[in-house]
Structures are given as structure tokens and as C-alpha cells.
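Structure file entry-v7.cif; described as mmCIF, N, CA and C atoms.
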```cif
data_data
loop_
_atom_site.group_PDB
_atom_site.id
_atom_site.type_symbol
_atom_site.label_atom_id
_atom_site.label_comp_id
_atom_site.auth_asym_id
_atom_site.auth_seq_id
_atom_site.Cartn_x
_atom_site.Cartn_y
_atom_site.Cartn_z
ATOM 1 N N MET A 148 62.305 21.245 71.793
ATOM 2 C CA MET A 148 60.976 20.689 71.647
ATOM 3 C C MET A 148 60.676 20.506 70.159
ATOM 4 N N ILE A 149 60.244 19.327 69.824
ATOM 5 C CA ILE A 149 59.778 19.075 68.469
ATOM 6 C C ILE A 149 58.306 19.476 68.426
ATOM 7 N N LEU A 150 57.995 20.384 67.551
ATOM 8 C CA LEU A 150 56.653 20.949 67.475
ATOM 9 C C LEU A 150 55.750 20.056 66.634
ATOM 10 N N HIS A 151 54.561 19.795 67.144
ATOM 11 C CA HIS A 151 53.553 19.118 66.336
ATOM 12 C C HIS A 151 52.165 19.606 66.724
ATOM 13 N N ILE A 152 51.209 19.303 65.888
ATOM 14 C CA ILE A 152 49.824 19.740 66.085
ATOM 15 C C ILE A 152 49.051 18.614 66.753
ATOM 16 N N THR A 153 48.308 18.986 67.781
ATOM 17 C CA THR A 153 47.526 17.990 68.515
ATOM 18 C C THR A 153 46.036 18.070 68.211
ATOM 19 N N HIS A 154 45.601 19.180 67.636
ATOM 20 C CA HIS A 154 44.180 19.354 67.301
ATOM 21 C C HIS A 154 44.065 20.372 66.184
ATOM 22 N N ALA A 155 43.132 20.145 65.280
ATOM 23 C CA ALA A 155 42.869 21.104 64.205
ATOM 24 C C ALA A 155 41.393 21.043 63.849
ATOM 25 N N ARG A 156 40.854 22.222 63.540
ATOM 26 C CA ARG A 156 39.469 22.256 63.070
ATOM 27 C C ARG A 156 39.298 23.420 62.103
ATOM 28 N N HIS A 157 38.436 23.188 61.130
ATOM 29 C CA HIS A 157 38.132 24.210 60.139
ATOM 30 C C HIS A 157 37.229 25.254 60.781
ATOM 31 N N LEU A 158 37.528 26.527 60.566
ATOM 32 C CA LEU A 158 36.691 27.611 61.078
ATOM 33 C C LEU A 158 35.774 28.127 59.977
ATOM 34 N N HIS A 159 36.343 28.761 58.983
ATOM 35 C CA HIS A 159 35.601 29.247 57.821
ATOM 36 C C HIS A 159 36.600 29.601 56.733
ATOM 37 N N ASP A 160 36.102 29.694 55.520
ATOM 38 C CA ASP A 160 36.962 29.962 54.367
ATOM 39 C C ASP A 160 38.205 29.071 54.446
ATOM 40 N N TYR A 161 39.379 29.664 54.449
ATOM 41 C CA TYR A 161 40.624 28.888 54.494
ATOM 42 C C TYR A 161 41.323 29.028 55.845
ATOM 43 N N GLN A 162 40.540 29.293 56.872
ATOM 44 C CA GLN A 162 41.089 29.443 58.217
ATOM 45 C C GLN A 162 40.874 28.182 59.046
ATOM 46 N N LEU A 163 41.935 27.832 59.772
ATOM 47 C CA LEU A 163 41.904 26.688 60.672
ATOM 48 C C LEU A 163 42.323 27.128 62.061
ATOM 49 N N GLU A 164 41.766 26.485 63.049
ATOM 50 C CA GLU A 164 42.239 26.646 64.420
ATOM 51 C C GLU A 164 43.113 25.425 64.702
ATOM 52 N N VAL A 165 44.358 25.671 65.088
ATOM 53 C CA VAL A 165 45.282 24.569 65.351
ATOM 54 C C VAL A 165 45.867 24.713 66.754
ATOM 55 N N THR A 166 45.977 23.591 67.442
ATOM 56 C CA THR A 166 46.587 23.568 68.764
ATOM 57 C C THR A 166 47.888 22.790 68.665
ATOM 58 N N PHE A 167 48.939 23.383 69.204
ATOM 59 C CA PHE A 167 50.269 22.777 69.158
ATOM 60 C C PHE A 167 50.568 22.081 70.477
ATOM 61 N N ASN A 168 51.557 21.215 70.462
ATOM 62 C CA ASN A 168 51.891 20.450 71.664
ATOM 63 C C ASN A 168 52.507 21.298 72.777
ATOM 64 N N ASN A 169 52.771 22.568 72.524
ATOM 65 C CA ASN A 169 53.218 23.469 73.590
ATOM 66 C C ASN A 169 52.035 24.139 74.277
ATOM 67 N N GLY A 170 50.803 23.741 73.889
ATOM 68 C CA GLY A 170 49.600 24.264 74.513
ATOM 69 C C GLY A 170 49.038 25.517 73.869
ATOM 70 N N ILE A 171 49.707 26.057 72.872
ATOM 71 C CA ILE A 171 49.260 27.280 72.214
ATOM 72 C C ILE A 171 48.279 26.924 71.088
ATOM 73 N N THR A 172 47.145 27.603 71.076
ATOM 74 C CA THR A 172 46.170 27.467 69.997
ATOM 75 C C THR A 172 46.232 28.730 69.155
ATOM 76 N N LYS A 173 46.303 28.531 67.844
ATOM 77 C CA LYS A 173 46.455 29.653 66.930
ATOM 78 C C LYS A 173 45.480 29.518 65.772
ATOM 79 N N ILE A 174 45.269 30.634 65.088
ATOM 80 C CA ILE A 174 44.447 30.668 63.881
ATOM 81 C C ILE A 174 45.393 30.838 62.698
ATOM 82 N N VAL A 175 45.250 29.969 61.719
ATOM 83 C CA VAL A 175 46.074 30.061 60.514
ATOM 84 C C VAL A 175 45.154 30.213 59.305
ATOM 85 N N ASP A 176 45.475 31.195 58.477
ATOM 86 C CA ASP A 176 44.740 31.426 57.239
ATOM 87 C C ASP A 176 45.627 30.959 56.087
ATOM 88 N N LEU A 177 45.199 29.916 55.397
ATOM 89 C CA LEU A 177 46.024 29.321 54.353
ATOM 90 C C LEU A 177 45.620 29.737 52.940
ATOM 91 N N GLN A 178 44.740 30.702 52.826
ATOM 92 C CA GLN A 178 44.258 31.105 51.510
ATOM 93 C C GLN A 178 45.401 31.489 50.564
ATOM 94 N N ASN A 179 46.392 32.187 51.050
ATOM 95 C CA ASN A 179 47.508 32.616 50.199
ATOM 96 C C ASN A 179 48.675 31.643 50.208
ATOM 97 N N GLU A 180 48.486 30.475 50.786
ATOM 98 C CA GLU A 180 49.564 29.479 50.890
ATOM 99 C C GLU A 180 49.334 28.279 49.982
ATOM 100 N N LEU A 181 48.272 28.295 49.211
ATOM 101 C CA LEU A 181 47.902 27.132 48.407
ATOM 102 C C LEU A 181 48.471 27.217 46.995
ATOM 103 N N ASP A 182 49.777 27.383 46.904
ATOM 104 C CA ASP A 182 50.459 27.456 45.617
ATOM 105 C C ASP A 182 51.098 26.113 45.292
ATOM 106 N N GLY A 183 51.145 25.801 44.043
ATOM 107 C CA GLY A 183 51.793 24.579 43.602
ATOM 108 C C GLY A 183 50.788 23.473 43.325
ATOM 109 N N GLU A 184 51.249 22.502 42.579
ATOM 110 C CA GLU A 184 50.397 21.415 42.097
ATOM 111 C C GLU A 184 49.700 20.643 43.222
ATOM 112 N N ILE A 185 50.413 20.356 44.302
ATOM 113 C CA ILE A 185 49.831 19.560 45.387
ATOM 114 C C ILE A 185 48.717 20.312 46.114
ATOM 115 N N PHE A 186 48.814 21.639 46.168
ATOM 116 C CA PHE A 186 47.826 22.434 46.891
ATOM 117 C C PHE A 186 46.664 22.913 46.014
ATOM 118 N N GLU A 187 46.800 22.816 44.700
ATOM 119 C CA GLU A 187 45.772 23.310 43.781
ATOM 120 C C GLU A 187 44.373 22.752 44.097
ATOM 121 N N PRO A 188 44.217 21.446 44.356
ATOM 122 C CA PRO A 188 42.877 20.923 44.670
ATOM 123 C C PRO A 188 42.258 21.537 45.932
ATOM 124 N N LEU A 189 43.091 22.047 46.830
ATOM 125 C CA LEU A 189 42.593 22.609 48.088
ATOM 126 C C LEU A 189 42.007 24.001 47.915
ATOM 127 N N LYS A 190 42.176 24.588 46.747
ATOM 128 C CA LYS A 190 41.528 25.868 46.470
ATOM 129 C C LYS A 190 40.011 25.693 46.372
ATOM 130 N N ASN A 191 39.588 24.449 46.169
ATOM 131 C CA ASN A 191 38.177 24.095 46.255
ATOM 132 C C ASN A 191 37.869 23.968 47.747
ATOM 133 N N LEU A 192 37.055 24.881 48.249
ATOM 134 C CA LEU A 192 36.785 24.946 49.690
ATOM 135 C C LEU A 192 36.243 23.635 50.245
ATOM 136 N N GLU A 193 35.457 22.927 49.462
ATOM 137 C CA GLU A 193 34.920 21.641 49.908
ATOM 138 C C GLU A 193 36.050 20.643 50.190
ATOM 139 N N GLN A 194 37.075 20.657 49.352
ATOM 140 C CA GLN A 194 38.234 19.787 49.562
ATOM 141 C C GLN A 194 39.077 20.270 50.740
ATOM 142 N N PHE A 195 39.245 21.588 50.854
ATOM 143 C CA PHE A 195 40.038 22.162 51.944
ATOM 144 C C PHE A 195 39.466 21.780 53.305
ATOM 145 N N GLN A 196 38.146 21.752 53.403
ATOM 146 C CA GLN A 196 37.479 21.457 54.676
ATOM 147 C C GLN A 196 37.706 20.028 55.147
ATOM 148 N N LYS A 197 38.238 19.169 54.305
ATOM 149 C CA LYS A 197 38.485 17.773 54.662
ATOM 150 C C LYS A 197 39.835 17.582 55.355
ATOM 151 N N VAL A 198 40.340 18.623 55.970
ATOM 152 C CA VAL A 198 41.619 18.584 56.679
ATOM 153 C C VAL A 198 41.547 17.581 57.833
ATOM 154 N N TYR A 199 42.666 16.920 58.102
ATOM 155 C CA TYR A 199 42.741 15.990 59.234
ATOM 156 C C TYR A 199 44.175 15.981 59.780
ATOM 157 N N LEU A 200 44.352 15.396 60.948
ATOM 158 C CA LEU A 200 45.686 15.273 61.538
ATOM 159 C C LEU A 200 46.369 14.016 61.031
ATOM 160 N N ASP A 201 47.655 14.149 60.708
ATOM 161 C CA ASP A 201 48.448 13.010 60.262
ATOM 162 C C ASP A 201 49.896 13.251 60.649
ATOM 163 N N CYS A 202 50.440 12.379 61.437
ATOM 164 C CA CYS A 202 51.852 12.442 61.834
ATOM 165 C C CYS A 202 52.226 13.794 62.440
ATOM 166 N N GLY A 203 51.346 14.362 63.242
ATOM 167 C CA GLY A 203 51.661 15.588 63.962
ATOM 168 C C GLY A 203 51.462 16.880 63.200
ATOM 169 N N THR A 204 50.814 16.808 62.051
ATOM 170 C CA THR A 204 50.504 18.028 61.312
ATOM 171 C C THR A 204 49.164 17.882 60.617
ATOM 172 N N ILE A 205 48.754 18.927 59.896
ATOM 173 C CA ILE A 205 47.508 18.851 59.150
ATOM 174 C C ILE A 205 47.799 18.291 57.767
ATOM 175 N N ALA A 206 46.829 17.563 57.228
ATOM 176 C CA ALA A 206 47.006 16.942 55.914
ATOM 177 C C ALA A 206 45.651 16.821 55.235
ATOM 178 N N TRP A 207 45.715 16.476 53.953
ATOM 179 C CA TRP A 207 44.515 16.275 53.162
ATOM 180 C C TRP A 207 44.655 14.979 52.386
ATOM 181 N N GLU A 208 43.538 14.491 51.870
ATOM 182 C CA GLU A 208 43.492 13.197 51.178
ATOM 183 C C GLU A 208 44.439 13.105 49.988
ATOM 184 N N ASN A 209 44.747 14.227 49.343
ATOM 185 C CA ASN A 209 45.605 14.195 48.158
ATOM 186 C C ASN A 209 47.093 14.161 48.504
ATOM 187 N N GLY A 210 47.429 14.127 49.797
ATOM 188 C CA GLY A 210 48.827 14.071 50.215
ATOM 189 C C GLY A 210 49.421 15.414 50.600
ATOM 190 N N ALA A 211 48.684 16.482 50.434
ATOM 191 C CA ALA A 211 49.179 17.808 50.809
ATOM 192 C C ALA A 211 49.274 17.922 52.327
ATOM 193 N N ASP A 212 50.309 18.613 52.788
ATOM 194 C CA ASP A 212 50.452 18.895 54.217
ATOM 195 C C ASP A 212 51.359 20.111 54.391
ATOM 196 N N PHE A 213 51.436 20.596 55.606
ATOM 197 C CA PHE A 213 52.311 21.720 55.942
ATOM 198 C C PHE A 213 53.140 21.339 57.152
ATOM 199 N N ALA A 214 54.371 21.804 57.208
ATOM 200 C CA ALA A 214 55.220 21.585 58.383
ATOM 201 C C ALA A 214 54.613 22.339 59.561
ATOM 202 N N PRO A 215 54.527 21.703 60.729
ATOM 203 C CA PRO A 215 53.952 22.392 61.885
ATOM 204 C C PRO A 215 54.718 23.662 62.251
ATOM 205 N N GLU A 216 56.022 23.668 62.043
ATOM 206 C CA GLU A 216 56.822 24.857 62.345
ATOM 207 C C GLU A 216 56.408 26.032 61.460
ATOM 208 N N TYR A 217 56.151 25.738 60.193
ATOM 209 C CA TYR A 217 55.716 26.788 59.267
ATOM 210 C C TYR A 217 54.349 27.321 59.680
ATOM 211 N N LEU A 218 53.448 26.433 60.044
ATOM 212 C CA LEU A 218 52.117 26.857 60.489
ATOM 213 C C LEU A 218 52.213 27.717 61.737
ATOM 214 N N TYR A 219 53.108 27.358 62.647
ATOM 215 C CA TYR A 219 53.298 28.138 63.873
ATOM 216 C C TYR A 219 53.779 29.546 63.535
ATOM 217 N N LEU A 220 54.655 29.621 62.562
ATOM 218 C CA LEU A 220 55.245 30.899 62.167
ATOM 219 C C LEU A 220 54.236 31.826 61.498
ATOM 220 N N ILE A 221 53.371 31.296 60.651
ATOM 221 C CA ILE A 221 52.465 32.156 59.882
ATOM 222 C C ILE A 221 51.108 32.367 60.553
ATOM 223 N N SER A 222 50.852 31.716 61.654
ATOM 224 C CA SER A 222 49.549 31.818 62.310
ATOM 225 C C SER A 222 49.540 32.880 63.398
ATOM 226 N N GLN A 223 48.345 33.211 63.840
ATOM 227 C CA GLN A 223 48.160 34.231 64.870
ATOM 228 C C GLN A 223 47.637 33.577 66.145
ATOM 229 N N PRO A 224 48.244 33.901 67.286
ATOM 230 C CA PRO A 224 47.739 33.328 68.542
ATOM 231 C C PRO A 224 46.357 33.889 68.871
ATOM 232 N N ILE A 225 45.563 33.092 69.530
ATOM 233 C CA ILE A 225 44.284 33.583 70.020
ATOM 234 C C ILE A 225 44.604 34.616 71.084
ATOM 235 N N SER A 226 43.925 35.743 71.060
ATOM 236 C CA SER A 226 44.300 36.924 71.842
ATOM 237 C C SER A 226 44.479 36.671 73.337
ATOM 238 N N SER A 227 43.783 35.718 73.899
ATOM 239 C CA SER A 227 43.875 35.495 75.343
ATOM 240 C C SER A 227 45.089 34.669 75.741
ATOM 241 N N GLN A 228 45.891 34.242 74.776
ATOM 242 C CA GLN A 228 47.042 33.389 75.065
ATOM 243 C C GLN A 228 48.350 34.128 74.831
ATOM 244 N N GLN A 229 49.355 33.704 75.523
ATOM 245 C CA GLN A 229 50.699 34.217 75.311
ATOM 246 C C GLN A 229 51.429 33.266 74.365
ATOM 247 N N GLU A 230 52.048 33.812 73.342
ATOM 248 C CA GLU A 230 52.812 32.990 72.423
ATOM 249 C C GLU A 230 54.166 32.650 73.031
ATOM 250 N N ASP A 231 54.690 31.521 72.663
ATOM 251 C CA ASP A 231 56.014 31.083 73.093
ATOM 252 C C ASP A 231 57.046 31.815 72.232
ATOM 253 N N THR A 232 57.488 32.993 72.674
ATOM 254 C CA THR A 232 58.382 33.849 71.893
ATOM 255 C C THR A 232 59.723 33.180 71.570
ATOM 256 N N PRO A 233 60.399 32.506 72.522
ATOM 257 C CA PRO A 233 61.662 31.860 72.156
ATOM 258 C C PRO A 233 61.496 30.810 71.054
ATOM 259 N N LEU A 234 60.386 30.075 71.086
ATOM 260 C CA LEU A 234 60.145 29.088 70.045
ATOM 261 C C LEU A 234 59.923 29.771 68.699
ATOM 262 N N ARG A 235 59.175 30.852 68.689
ATOM 263 C CA ARG A 235 58.937 31.607 67.454
ATOM 264 C C ARG A 235 60.257 32.118 66.891
ATOM 265 N N GLU A 236 61.157 32.594 67.747
ATOM 266 C CA GLU A 236 62.451 33.094 67.289
ATOM 267 C C GLU A 236 63.282 31.971 66.669
ATOM 268 N N LYS A 237 63.238 30.787 67.257
ATOM 269 C CA LYS A 237 63.967 29.638 66.700
ATOM 270 C C LYS A 237 63.415 29.264 65.332
ATOM 271 N N ILE A 238 62.109 29.280 65.199
ATOM 272 C CA ILE A 238 61.486 28.949 63.929
ATOM 273 C C ILE A 238 61.805 30.010 62.890
ATOM 274 N N ASN A 239 61.756 31.273 63.265
ATOM 275 C CA ASN A 239 62.143 32.355 62.343
ATOM 276 C C ASN A 239 63.551 32.139 61.826
ATOM 277 N N ALA A 240 64.465 31.782 62.700
ATOM 278 C CA ALA A 240 65.853 31.560 62.323
ATOM 279 C C ALA A 240 65.965 30.372 61.359
ATOM 280 N N LEU A 241 65.173 29.352 61.604
ATOM 281 C CA LEU A 241 65.186 28.165 60.752
ATOM 282 C C LEU A 241 64.746 28.511 59.326
ATOM 283 N N TYR A 242 63.679 29.304 59.199
ATOM 284 C CA TYR A 242 63.164 29.652 57.867
ATOM 285 C C TYR A 242 63.925 30.809 57.234
ATOM 286 N N ALA A 243 64.729 31.520 57.981
ATOM 287 C CA ALA A 243 65.519 32.610 57.425
ATOM 288 C C ALA A 243 66.735 32.109 56.646
ATOM 289 N N SER A 244 67.159 30.892 56.969
ATOM 290 C CA SER A 244 68.356 30.374 56.292
ATOM 291 C C SER A 244 68.072 29.718 54.987
#
```
Translate the structure described by the file into C-alpha cells.
Amino acid sequence: MILHITHARHLHDYQLEVTFNNGITKIVDLQNELDGEIFEPLKNLEQFQKVYLDCGTIAWENGADFAPEYLYLISQPISSQQEDTPLREKINALYAS
């Protein structure tokens, strides 16, 4: 399965609620992920809140985006849902190499 995001919304601070095409909705906190020149403008919360969907992931007007697999790996499932453990293991293996 190729993972992509089907819905995203800003919650508060640097947290987003994202829904993946496997039906899992997760909360991702990107406050500690905004390193590097492309992400620097997003440290301004007003700019961060302008998140939108583009090509199956989240993006911002300045061209910044994150791989959906990375977002899946660093996010937390909403407590009432079961996470897709085999998919998480595949993603872990991908980022471990």
C-alpha cells in the first residue's frame, strides 16, 4: 500500500490531525520537526496554520512538506483506533536504513 494523507486539519500549536488512506487518523506534533531553511518560516504559527493537502501529503505555501510515511511514523493514533502495526514496522524498517 502506498501511504498518503486524505485529510488534515490544524488542532493547536504545531499539532495536526491527519487521516491516512488506510483509515487511521493520528495526531502529529511537528514543533520539533521544523529544522532547516525550508521549515524555518513555519515556526511562525500563523504560517504553520496555513497547512493544506498536496499530492497526498501536507504542504505549505513556501514549498515545505513531509513524507506521509514519516508523518505516520512520528504521529500518535487517536486512542479509540487500532494502528496498522505491520505498516508501522515496514515504515520503521524503511527509515532505519
I need the output of the PyMOL selection byres ((chain A and resi 222) around 6) for this file as a CSV table (one decimal) with N, CA and C atoms, in the coordinates of the input; which residues are they?
```
chain,number,residue,atom,x,y,z
A,173,LYS,N,46.3,28.5,67.8
A,173,LYS,CA,46.5,29.7,66.9
A,173,LYS,C,45.5,29.5,65.8
A,174,ILE,N,45.3,30.6,65.1
A,174,ILE,CA,44.4,30.7,63.9
A,174,ILE,C,45.4,30.8,62.7
A,175,VAL,N,45.2,30.0,61.7
A,175,VAL,CA,46.1,30.1,60.5
A,175,VAL,C,45.2,30.2,59.3
A,176,ASP,N,45.5,31.2,58.5
A,176,ASP,CA,44.7,31.4,57.2
A,176,ASP,C,45.6,31.0,56.1
A,217,TYR,N,56.2,25.7,60.2
A,217,TYR,CA,55.7,26.8,59.3
A,217,TYR,C,54.3,27.3,59.7
A,218,LEU,N,53.4,26.4,60.0
A,218,LEU,CA,52.1,26.9,60.5
A,218,LEU,C,52.2,27.7,61.7
A,219,TYR,N,53.1,27.4,62.6
A,219,TYR,CA,53.3,28.1,63.9
A,219,TYR,C,53.8,29.5,63.5
A,220,LEU,N,54.7,29.6,62.6
A,220,LEU,CA,55.2,30.9,62.2
A,220,LEU,C,54.2,31.8,61.5
A,221,ILE,N,53.4,31.3,60.7
A,221,ILE,CA,52.5,32.2,59.9
A,221,ILE,C,51.1,32.4,60.6
A,223,GLN,N,48.3,33.2,63.8
A,223,GLN,CA,48.2,34.2,64.9
A,223,GLN,C,47.6,33.6,66.1
A,224,PRO,N,48.2,33.9,67.3
A,224,PRO,CA,47.7,33.3,68.5
A,224,PRO,C,46.4,33.9,68.9
```
- Query: Can you tell me, as a ChimeraX atom specification, what residues are no more than 7 Å from stretch 164-169 of chain A when counting only C-alpha atoms, ignoring any on the same chain fewer than 3 positions away?
  - Reply: /A:150-158,172-175
- Could you list the residues chosen by the PyMOL selection byres ((chain A and resi 204) around 7) in this structure as a ChimeraX atom specification? /A:151-153,199-203,205-206,212-215
Residues just named, written with N, CA and C atoms as a PDB file, keeping the file's coordinate frame:
```
ATOM      1  N   HIS A 151      54.561  19.795  67.144  1.00  0.00           N
ATOM      2  CA  HIS A 151      53.553  19.118  66.336  1.00  0.00           C
ATOM      3  C   HIS A 151      52.165  19.606  66.724  1.00  0.00           C
ATOM      4  N   ILE A 152      51.209  19.303  65.888  1.00  0.00           N
ATOM      5  CA  ILE A 152      49.824  19.740  66.085  1.00  0.00           C
ATOM      6  C   ILE A 152      49.051  18.614  66.753  1.00  0.00           C
ATOM      7  N   THR A 153      48.308  18.986  67.781  1.00  0.00           N
ATOM      8  CA  THR A 153      47.526  17.990  68.515  1.00  0.00           C
ATOM      9  C   THR A 153      46.036  18.070  68.211  1.00  0.00           C
ATOM     10  N   TYR A 199      42.666  16.920  58.102  1.00  0.00           N
ATOM     11  CA  TYR A 199      42.741  15.990  59.234  1.00  0.00           C
ATOM     12  C   TYR A 199      44.175  15.981  59.780  1.00  0.00           C
ATOM     13  N   LEU A 200      44.352  15.396  60.948  1.00  0.00           N
ATOM     14  CA  LEU A 200      45.686  15.273  61.538  1.00  0.00           C
ATOM     15  C   LEU A 200      46.369  14.016  61.031  1.00  0.00           C
ATOM     16  N   ASP A 201      47.655  14.149  60.708  1.00  0.00           N
ATOM     17  CA  ASP A 201      48.448  13.010  60.262  1.00  0.00           C
ATOM     18  C   ASP A 201      49.896  13.251  60.649  1.00  0.00           C
ATOM     19  N   CYS A 202      50.440  12.379  61.437  1.00  0.00           N
ATOM     20  CA  CYS A 202      51.852  12.442  61.834  1.00  0.00           C
ATOM     21  C   CYS A 202      52.226  13.794  62.440  1.00  0.00           C
ATOM     22  N   GLY A 203      51.346  14.362  63.242  1.00  0.00           N
ATOM     23  CA  GLY A 203      51.661  15.588  63.962  1.00  0.00           C
ATOM     24  C   GLY A 203      51.462  16.880  63.200  1.00  0.00           C
ATOM     25  N   ILE A 205      48.754  18.927  59.896  1.00  0.00           N
ATOM     26  CA  ILE A 205      47.508  18.851  59.150  1.00  0.00           C
ATOM     27  C   ILE A 205      47.799  18.291  57.767  1.00  0.00           C
ATOM     28  N   ALA A 206      46.829  17.563  57.228  1.00  0.00           N
ATOM     29  CA  ALA A 206      47.006  16.942  55.914  1.00  0.00           C
ATOM     30  C   ALA A 206      45.651  16.821  55.235  1.00  0.00           C
ATOM     31  N   ASP A 212      50.309  18.613  52.788  1.00  0.00           N
ATOM     32  CA  ASP A 212      50.452  18.895  54.217  1.00  0.00           C
ATOM     33  C   ASP A 212      51.359  20.111  54.391  1.00  0.00           C
ATOM     34  N   PHE A 213      51.436  20.596  55.606  1.00  0.00           N
ATOM     35  CA  PHE A 213      52.311  21.720  55.942  1.00  0.00           C
ATOM     36  C   PHE A 213      53.140  21.339  57.152  1.00  0.00           C
ATOM     37  N   ALA A 214      54.371  21.804  57.208  1.00  0.00           N
ATOM     38  CA  ALA A 214      55.220  21.585  58.383  1.00  0.00           C
ATOM     39  C   ALA A 214      54.613  22.339  59.561  1.00  0.00           C
ATOM     40  N   PRO A 215      54.527  21.703  60.729  1.00  0.00           N
ATOM     41  CA  PRO A 215      53.952  22.392  61.885  1.00  0.00           C
ATOM     42  C   PRO A 215      54.718  23.662  62.251  1.00  0.00           C
TER      43      PRO A 215
END
```
- Message: Run DSSP on the backbone and tell me which residues of chain A come out as alpha helix (DSSP H); list them as a PyMOL selection string.
- Response: chain A and resi 192-195+215-221+232-243
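Shortest separation to A:His159 among A:Glu208, A:Glu216, A:Glu236, A:Glu193 occurs at residue A:Glu193, atoms counted being only C-alpha atoms.
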- Message: When the PyMOL selection byres ((chain A and resi 179-186) around 8) is applied to the structure above, which residues does it catch, written out as a list in words?
- Response: Tyr161, Asp176, Leu177, Gln178, Glu187, Pro188, Leu189, Lys190, Asn191, Asn209, Gly210, Ala211 and Asp212 of chain A
Write the residues of the preceding selection, restricted to N, CA and C atoms, as a PDB file, keeping the file's coordinate frame.
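Listed below is the output, result-v3.pdb:
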```
ATOM      1  N   TYR A 161      39.379  29.664  54.449  1.00  0.00           N
ATOM      2  CA  TYR A 161      40.624  28.888  54.494  1.00  0.00           C
ATOM      3  C   TYR A 161      41.323  29.028  55.845  1.00  0.00           C
ATOM      4  N   ASP A 176      45.475  31.195  58.477  1.00  0.00           N
ATOM      5  CA  ASP A 176      44.740  31.426  57.239  1.00  0.00           C
ATOM      6  C   ASP A 176      45.627  30.959  56.087  1.00  0.00           C
ATOM      7  N   LEU A 177      45.199  29.916  55.397  1.00  0.00           N
ATOM      8  CA  LEU A 177      46.024  29.321  54.353  1.00  0.00           C
ATOM      9  C   LEU A 177      45.620  29.737  52.940  1.00  0.00           C
ATOM     10  N   GLN A 178      44.740  30.702  52.826  1.00  0.00           N
ATOM     11  CA  GLN A 178      44.258  31.105  51.510  1.00  0.00           C
ATOM     12  C   GLN A 178      45.401  31.489  50.564  1.00  0.00           C
ATOM     13  N   GLU A 187      46.800  22.816  44.700  1.00  0.00           N
ATOM     14  CA  GLU A 187      45.772  23.310  43.781  1.00  0.00           C
ATOM     15  C   GLU A 187      44.373  22.752  44.097  1.00  0.00           C
ATOM     16  N   PRO A 188      44.217  21.446  44.356  1.00  0.00           N
ATOM     17  CA  PRO A 188      42.877  20.923  44.670  1.00  0.00           C
ATOM     18  C   PRO A 188      42.258  21.537  45.932  1.00  0.00           C
ATOM     19  N   LEU A 189      43.091  22.047  46.830  1.00  0.00           N
ATOM     20  CA  LEU A 189      42.593  22.609  48.088  1.00  0.00           C
ATOM     21  C   LEU A 189      42.007  24.001  47.915  1.00  0.00           C
ATOM     22  N   LYS A 190      42.176  24.588  46.747  1.00  0.00           N
ATOM     23  CA  LYS A 190      41.528  25.868  46.470  1.00  0.00           C
ATOM     24  C   LYS A 190      40.011  25.693  46.372  1.00  0.00           C
ATOM     25  N   ASN A 191      39.588  24.449  46.169  1.00  0.00           N
ATOM     26  CA  ASN A 191      38.177  24.095  46.255  1.00  0.00           C
ATOM     27  C   ASN A 191      37.869  23.968  47.747  1.00  0.00           C
ATOM     28  N   ASN A 209      44.747  14.227  49.343  1.00  0.00           N
ATOM     29  CA  ASN A 209      45.605  14.195  48.158  1.00  0.00           C
ATOM     30  C   ASN A 209      47.093  14.161  48.504  1.00  0.00           C
ATOM     31  N   GLY A 210      47.429  14.127  49.797  1.00  0.00           N
ATOM     32  CA  GLY A 210      48.827  14.071  50.215  1.00  0.00           C
ATOM     33  C   GLY A 210      49.421  15.414  50.600  1.00  0.00           C
ATOM     34  N   ALA A 211      48.684  16.482  50.434  1.00  0.00           N
ATOM     35  CA  ALA A 211      49.179  17.808  50.809  1.00  0.00           C
ATOM     36  C   ALA A 211      49.274  17.922  52.327  1.00  0.00           C
ATOM     37  N   ASP A 212      50.309  18.613  52.788  1.00  0.00           N
ATOM     38  CA  ASP A 212      50.452  18.895  54.217  1.00  0.00           C
ATOM     39  C   ASP A 212      51.359  20.111  54.391  1.00  0.00           C
TER      40      ASP A 212
END
```
- Task: Using DSSP on the backbone, list every residue of chain A that comes out as strand (DSSP E), and give them as a list in words.
- Result: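 DSSP-assigned strand (DSSP E) residues in chain A: Ile152, Thr153, His154, Ala155, Arg156, His157, Leu158, His159, Gln162, Leu163, Glu164, Val165, Thr166, Phe167, Thr172, Lys173, Ile174, Val175, Asp176, Tyr199, Leu200, Asp201, Thr204, Ile205, Ala206, Gln223 and Pro224 of chain A.
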Around all listed atoms of stretch 187-199 of chain A, padded 5 Å per side, what centre and edge lengths does the axis-aligned box have in Å to one decimal, as lines of an AutoDock Vina configuration file?
```
center_x = 40.9
center_y = 20.9
center_z = 51.8
size_x = 21.9
size_y = 19.9
size_z = 26.0
```
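Atom C of A:Asp160 sits 7.6 Å away from atom CA of A:Phe195.
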